[in-house]
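Step one of this worksheet: look at the structure below.
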Amino acid sequence: MSAPHPHDFDLFVIGGGSAGVRLARIAAGHGAKVGIAEGRFWGGTCVNVGCVPKKLMVQAAEYGEWAKDAAAFGWHLGEATHDWPTLVRARDMEVARLSGIYGRMLGGVGVQTFECYAHFTGPHELKVGDRTVTANRIVIAVGGSPIRPDIPGAEHALISDDLFTLQERPRRVLMIGGGYIGLEFANMLHNLGSEVTLAYRQQLPLRGFDHELREVAAESLAASGLTILPGESPVEITLSGETRIVRMASGKVVEADAVFFATGRKPATKGLGLDAAGVNCREGAAIAVDDDHATNVPHIYAIGDVTDRVNLTPMAIAVGHALADTLFGSRPRHASYENVPKAVFISPPMASVGLTEEEAALRGPVEIYTSRFTPMRHTITRRTDRKTLMKLVVEAETGCLLGAHMLGEEAPEIMQGIAVAVVNRLTKAQLDATIGIHPTAAEEFVTMRVATRRVGEGAAKAA
Ligand code: NDP
């Protein structure tokens with residue numbers, strides 16, 4: 001029998017975003033010969049047109065709110081005005097710095113980088129720019145891209161990527177979509193001074209989050225001065241000069257200088273040549289993978305948003321790292337998709353981990369602990385749009401923590417710690433035995449003594 005044909009690489013990764021870069025770096029550290037292709041920017045969506053620049057802009061917007069609040073504490077700062085180009089320059093410098101680190105990090109551990117797109121020409125063969133390379137294993141980590149609804153005039157609307165190239169802040173904005181991006185962008189642009197209307201097709205935003213939290217999020221956004229249009233979706237966009245005129249299914253018309261579609265994202269599989277490799281997709285273009293992230297072609301894997309499972313950066317990084325350890329580090333392991341903490345960076349932000357009240361009640365009896373209060377700062381500022389809601393979902397029979405939810409200042413920072421308790425199935429009694437840090441909002445999570453309600457009686461206990 002002849003020896004197998006040696007491939008150019010042990011591993012070739014398509015896509016230099018959060019998942020691909022981590023996988024490539026760790027695999028190279030385990031001794032694999034690794035190549036990676038990225039056609040747009042190192043670091044992918046998160047670093048360049050997602051989490052990082054978004055969070056910097058949310059922080060910029062928040063300074064304005066603090067400046068407004070400062071007067072109640074005796075500060076006289078004059079009228080707060082915002083200079084968009086200054087923010088754009090500072091944001092873009094930081095994004096370029098981080099993206100550069102991602103690219104250099106790969107070279108530093110011996111990964112061969114290709115700054116171009118790659119597509120399959122066979123099960124082990126790829127066209128990478130104008131080169132043909134072969135690899136023993138190939139991992140698809142190409143992420144996703146924003147969805148633009150198919151309505152007349154859709155081309156007059158922007159998508160999330162476009163926010164990061166705007167040279168000036170639009171005066172009137174219509175944000176369409178009640179998900180993470182819709183809420184975060186609407187809230188941030190409103191706080192930076194735009195007149196923002198947020199339209200979503202459900203009665204409440206953030207489908208999938210705890211119902212009570214969704215209600216409070218909508219209330220606080222409305223209280224902050226955003227115009228909210230629930231139960232609305234666009235059917236047509238026309239132009240009148242530079243003004244976008246958006247007609248909703250209800251007949252309502254909204255005029256804006258900029259319209260954003262924040263209507264979800266889809267896996268970026270177009271142009272990958274999956275047919276040439278025989279890789280199957282699920283409905284919606286997501287690549288179908290098993291629990292080991294293998295596709296139907298055993299040496300081809302897919303990780304991150306292209307698999308459309310939990311589309312969050314830390315999840316993609318965890319999966320990429322686990323796959324590298326499994327394939328090249330003699331350490332087979334999986335990253336768990338259970339109890340993934342998540343946050344929405346609105347004002348105040350919200351964060352959740354584990355089961356919602358509704359999900360838990362379907363599985364059996366649960367005790368719900370809630371605390372609603374005005375944060376100490378706002379007893380002085382007298383703001384009414386920054387109330388806090390904190391909530392624990394506790395299994396009645398065992399006292400185990402099933403979920404934790406919060407809308408309030410610093411919620412994402414607080415939830416990261418509480419997530420450790422939920423992931424490890426600590427009990428409410430163990431939280432109670434922990435002394436609070438006073439005075440903080442976080443201490444409420446260890447001092448909620450009396451259940452607000454008990455739900456889920458009679459529900460079939462999940463197997
Ligand atoms: P989401 O899936 O979160 O929300 C999409 C929204 O658009 C929903 O409200 C959906 O309504 C609505 N929608 C979908 N199609 C249409 C349509 N044709 N007309 C009107 N409305 C429509 O997607 P996003 O784009 O906000 O974000 C994409 C993903 O990126 C998120 O799911 C998340 O995984 C990630 N992300 C995470 C962030 C974070 O961690 N903080 C921040 C930003 C993004 P309905 O509910 O009815 O389907």
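Labels for the structure tokens follow display order: chains A, B, ..., residues from 1 in each chain, ligands from 1.
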Site check for ligand 1: residues at most 8 Å away, only C-alpha atoms and all ligand atoms, as a PyMOL selection string: chain A and resi 50-51+146-150+160+176-184+200-202+205-207+232-234+261-265+310-313+342-345
Export of the given selection (N, CA, C and O atoms) as a short mmCIF file (atom, residue, chain, number, x, y, z; two decimals), in the first residue's frame:
data_model
loop_
_atom_site.label_atom_id
_atom_site.label_comp_id
_atom_site.auth_asym_id
_atom_site.auth_seq_id
_atom_site.Cartn_x
_atom_site.Cartn_y
_atom_site.Cartn_z
N GLY A 50 -18.56 44.60 15.93
CA GLY A 50 -19.49 44.00 16.88
C GLY A 50 -19.17 44.42 18.31
O GLY A 50 -19.04 45.62 18.60
N CYS A 51 -19.00 43.44 19.16
CA CYS A 51 -18.89 43.65 20.62
C CYS A 51 -17.97 44.80 21.01
O CYS A 51 -18.34 45.64 21.83
N PRO A 146 -25.27 40.12 8.75
CA PRO A 146 -26.62 40.62 9.04
C PRO A 146 -27.62 40.29 7.95
O PRO A 146 -27.27 40.24 6.76
N ILE A 147 -28.86 40.07 8.37
CA ILE A 147 -29.95 39.77 7.43
C ILE A 147 -30.66 41.08 7.07
O ILE A 147 -30.99 41.87 7.96
N ARG A 148 -30.89 41.26 5.78
CA ARG A 148 -31.64 42.43 5.31
C ARG A 148 -32.99 41.91 4.82
O ARG A 148 -33.03 41.16 3.84
N PRO A 149 -34.10 42.24 5.48
CA PRO A 149 -35.39 41.72 5.03
C PRO A 149 -35.65 42.07 3.57
O PRO A 149 -35.23 43.12 3.09
N ASP A 150 -36.35 41.16 2.91
CA ASP A 150 -36.60 41.33 1.47
C ASP A 150 -37.87 42.16 1.27
O ASP A 150 -38.94 41.62 1.00
N SER A 160 -25.97 46.55 10.76
CA SER A 160 -25.14 46.89 11.93
C SER A 160 -23.71 47.27 11.54
O SER A 160 -23.15 48.21 12.10
N ILE A 176 -34.98 48.86 13.42
CA ILE A 176 -35.98 47.80 13.24
C ILE A 176 -35.42 46.50 13.79
O ILE A 176 -34.38 46.01 13.34
N GLY A 177 -36.11 45.92 14.79
CA GLY A 177 -35.67 44.66 15.39
C GLY A 177 -35.61 44.79 16.90
O GLY A 177 -35.10 45.79 17.42
N GLY A 178 -36.14 43.80 17.56
CA GLY A 178 -36.20 43.84 19.03
C GLY A 178 -35.23 42.88 19.67
O GLY A 178 -35.47 42.38 20.77
N GLY A 179 -34.10 42.61 18.98
CA GLY A 179 -33.10 41.72 19.55
C GLY A 179 -31.97 42.50 20.18
O GLY A 179 -32.11 43.70 20.47
N TYR A 180 -30.86 41.82 20.39
CA TYR A 180 -29.69 42.44 21.04
C TYR A 180 -29.29 43.73 20.31
O TYR A 180 -29.12 44.77 20.93
N ILE A 181 -29.09 43.61 18.97
CA ILE A 181 -28.52 44.75 18.25
C ILE A 181 -29.52 45.90 18.20
O ILE A 181 -29.15 47.06 18.42
N GLY A 182 -30.78 45.59 17.94
CA GLY A 182 -31.79 46.64 17.87
C GLY A 182 -31.81 47.47 19.15
O GLY A 182 -31.79 48.71 19.12
N LEU A 183 -31.83 46.79 20.29
CA LEU A 183 -31.93 47.51 21.56
C LEU A 183 -30.64 48.26 21.89
O LEU A 183 -30.66 49.41 22.32
N GLU A 184 -29.52 47.57 21.68
CA GLU A 184 -28.24 48.21 22.04
C GLU A 184 -27.98 49.45 21.18
O GLU A 184 -27.60 50.51 21.70
N TYR A 200 -40.37 46.88 16.83
CA TYR A 200 -40.19 45.43 16.80
C TYR A 200 -41.53 44.75 16.64
O TYR A 200 -42.56 45.28 17.00
N ARG A 201 -41.48 43.53 16.08
CA ARG A 201 -42.74 42.92 15.67
C ARG A 201 -43.46 42.18 16.79
O ARG A 201 -44.63 41.86 16.65
N GLN A 202 -42.76 41.84 17.89
CA GLN A 202 -43.45 41.22 19.04
C GLN A 202 -44.02 42.33 19.93
O GLN A 202 -43.75 43.52 19.70
N PRO A 205 -39.63 43.24 23.52
CA PRO A 205 -38.36 42.94 22.85
C PRO A 205 -37.72 41.68 23.45
O PRO A 205 -38.22 41.13 24.44
N LEU A 206 -36.62 41.25 22.87
CA LEU A 206 -35.74 40.22 23.42
C LEU A 206 -36.43 38.89 23.68
O LEU A 206 -36.42 38.37 24.81
N ARG A 207 -37.03 38.37 22.62
CA ARG A 207 -37.66 37.04 22.71
C ARG A 207 -36.62 36.05 23.24
O ARG A 207 -35.46 36.06 22.83
N GLU A 232 -44.78 46.07 15.32
CA GLU A 232 -44.67 46.72 14.00
C GLU A 232 -43.52 46.10 13.22
O GLU A 232 -42.44 45.89 13.76
N SER A 233 -43.77 45.83 11.92
CA SER A 233 -42.63 45.49 11.06
C SER A 233 -42.79 46.20 9.72
O SER A 233 -43.91 46.46 9.26
N PRO A 234 -41.67 46.53 9.09
CA PRO A 234 -41.71 47.36 7.89
C PRO A 234 -42.13 46.56 6.66
O PRO A 234 -41.81 45.38 6.56
N PHE A 261 -31.59 47.94 9.84
CA PHE A 261 -32.15 46.60 10.03
C PHE A 261 -31.31 45.91 11.10
O PHE A 261 -30.10 45.70 10.89
N ALA A 262 -31.93 45.57 12.21
CA ALA A 262 -31.26 44.76 13.23
C ALA A 262 -32.12 43.51 13.37
O ALA A 262 -32.68 43.22 14.42
N THR A 263 -32.24 42.82 12.25
CA THR A 263 -33.22 41.75 12.12
C THR A 263 -32.57 40.37 12.06
O THR A 263 -33.02 39.49 11.34
N GLY A 264 -31.53 40.20 12.83
CA GLY A 264 -30.89 38.90 12.94
C GLY A 264 -29.71 38.74 11.99
O GLY A 264 -29.43 39.62 11.16
N ARG A 265 -29.00 37.63 12.17
CA ARG A 265 -27.83 37.34 11.35
C ARG A 265 -27.94 35.93 10.79
O ARG A 265 -28.63 35.10 11.37
N VAL A 310 -25.20 28.88 19.91
CA VAL A 310 -25.24 30.06 20.79
C VAL A 310 -24.27 31.07 20.17
O VAL A 310 -23.05 30.87 20.24
N ASN A 311 -24.81 32.10 19.53
CA ASN A 311 -23.96 32.99 18.73
C ASN A 311 -23.35 34.11 19.57
O ASN A 311 -23.68 35.28 19.40
N LEU A 312 -22.48 33.71 20.47
CA LEU A 312 -21.82 34.68 21.34
C LEU A 312 -20.31 34.42 21.31
O LEU A 312 -19.88 33.25 21.28
N THR A 313 -19.54 35.51 21.34
CA THR A 313 -18.08 35.40 21.22
C THR A 313 -17.45 34.42 22.22
O THR A 313 -16.68 33.55 21.82
N LYS A 342 -25.41 35.76 29.45
CA LYS A 342 -25.53 36.69 28.32
C LYS A 342 -25.95 38.06 28.86
O LYS A 342 -26.54 38.15 29.94
N ALA A 343 -25.64 39.09 28.07
CA ALA A 343 -25.94 40.45 28.52
C ALA A 343 -26.39 41.29 27.34
O ALA A 343 -25.99 41.04 26.21
N VAL A 344 -27.22 42.26 27.63
CA VAL A 344 -27.63 43.22 26.60
C VAL A 344 -27.23 44.60 27.13
O VAL A 344 -27.68 45.01 28.21
N PHE A 345 -26.38 45.29 26.36
CA PHE A 345 -25.79 46.53 26.86
C PHE A 345 -26.66 47.74 26.54
O PHE A 345 -26.33 48.57 25.70
#
Those in segment 207-375 of chain A with strand (DSSP E) from DSSP, as number ranges by chain: A: 227-230, 234-240, 243-248, 253-256, 258-261, 265-267, 300-302, 342-344, 350-354, 366-373
Using only C-alpha atoms, what table do you get, as a Markdown table, when you list each residue of segment 295-388 of chain A with an atom no more than 12 Å from segment 433-439 of chain A, its nearest pair of atoms, and their distance in Å rounded to one decimal, rows by chain then rising number?
| residue | atom | partner | partner_atom | distance |
| --- | --- | --- | --- | --- |
| A:Pro375 | CA | A:Pro439 | CA | 10.2 |
| A:Met376 | CA | A:Pro439 | CA | 8.6 |
| A:Arg377 | CA | A:Pro439 | CA | 11.2 |
Segment 130-144 of chain A surroundings by only C-alpha atoms, 7 Å radius, close-in-sequence under 2 positions cut, as JSON, numbers by chain: {"A": [7, 8, 9, 10, 11, 12, 13, 14, 15, 19, 20, 124, 125, 126, 127, 128, 146, 265, 266, 267, 268, 299, 300, 301, 302, 303, 304, 305, 306]}
Residues near Val246 of chain A, cut-off 12 Å, only C-alpha atoms, skip fewer than 3 positions along chain, as an MDAnalysis selection string: chainID A and resid 151:154 156:157 173:176 197 199 232:240 243 249:261
Would you give me, as a tab-separated table, each residue of segment 264-306 of chain A having an atom within 12 Å of an atom of segment 101-119 of chain A, along with its shortest atom pair and that distance in Å to one decimal, using only C-alpha atoms and sorting by chain and residue number?
residue	atom	partner	partner_atom	distance
A:Thr269	CA	A:His119	CA	9.9
A:Lys270	CA	A:His119	CA	9.8
A:Gly271	CA	A:His119	CA	6.9
A:Leu272	CA	A:His119	CA	4.5
A:Gly273	CA	A:His119	CA	5.4
A:Leu274	CA	A:His119	CA	7.8
A:Asp275	CA	A:His119	CA	10.3
A:Ala276	CA	A:His119	CA	9.0
A:Ala277	CA	A:His119	CA	9.6
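When atom CA of Asn339 of chain A is paired with atom CA of Gly354 of chain A, their separation reads 4.5 Å.
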Find the residues of segment 178-233 of chain A that sit at most 10 Å from segment 394-408 of chain A; for each, write down the nearest two atoms and how far apart they are in Å, to one decimal. Count only C-alpha atoms. Sort by chain, then by number going up, and give it as a Markdown table.
| residue | atom | partner | partner_atom | distance |
| --- | --- | --- | --- | --- |
| A:Phe209 | CA | A:His405 | CA | 9.0 |
| A:Asp210 | CA | A:His405 | CA | 7.5 |
| A:Glu212 | CA | A:His405 | CA | 9.5 |
| A:Leu213 | CA | A:Leu407 | CA | 6.7 |
| A:Arg214 | CA | A:Leu407 | CA | 9.2 |
| A:Val216 | CA | A:Leu407 | CA | 7.6 |
| A:Ala217 | CA | A:Leu407 | CA | 7.2 |
| A:Ser220 | CA | A:Leu407 | CA | 9.5 |
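Minimum atom-to-atom distance to Met93 of chain A, evaluated using only C-alpha atoms, belongs to A:Val52 out of A:Lys33, A:Val52, A:Val340, A:Ser145.
Across the structure, atom CA of Leu23 of chain A and atom CA of Thr326 of chain A are spaced 10.6 Å apart.
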All alpha helix (DSSP H) residues (DSSP, backbone) inside segment 22-188 of chain A, as a ChimeraX atom specification: /A:22-29,44-49,51-70,84-108,160-163,180-188
Atom pair atom CA of Arg449 of chain A / atom CA of Lys391 of chain A: separation (Å): 12.0 Å
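The smallest atom-to-atom distance between Ala218 of chain A and any of A:Leu98, A:Ala335, A:Leu158, A:Ile346, using only C-alpha atoms, is found for A:Ile346.
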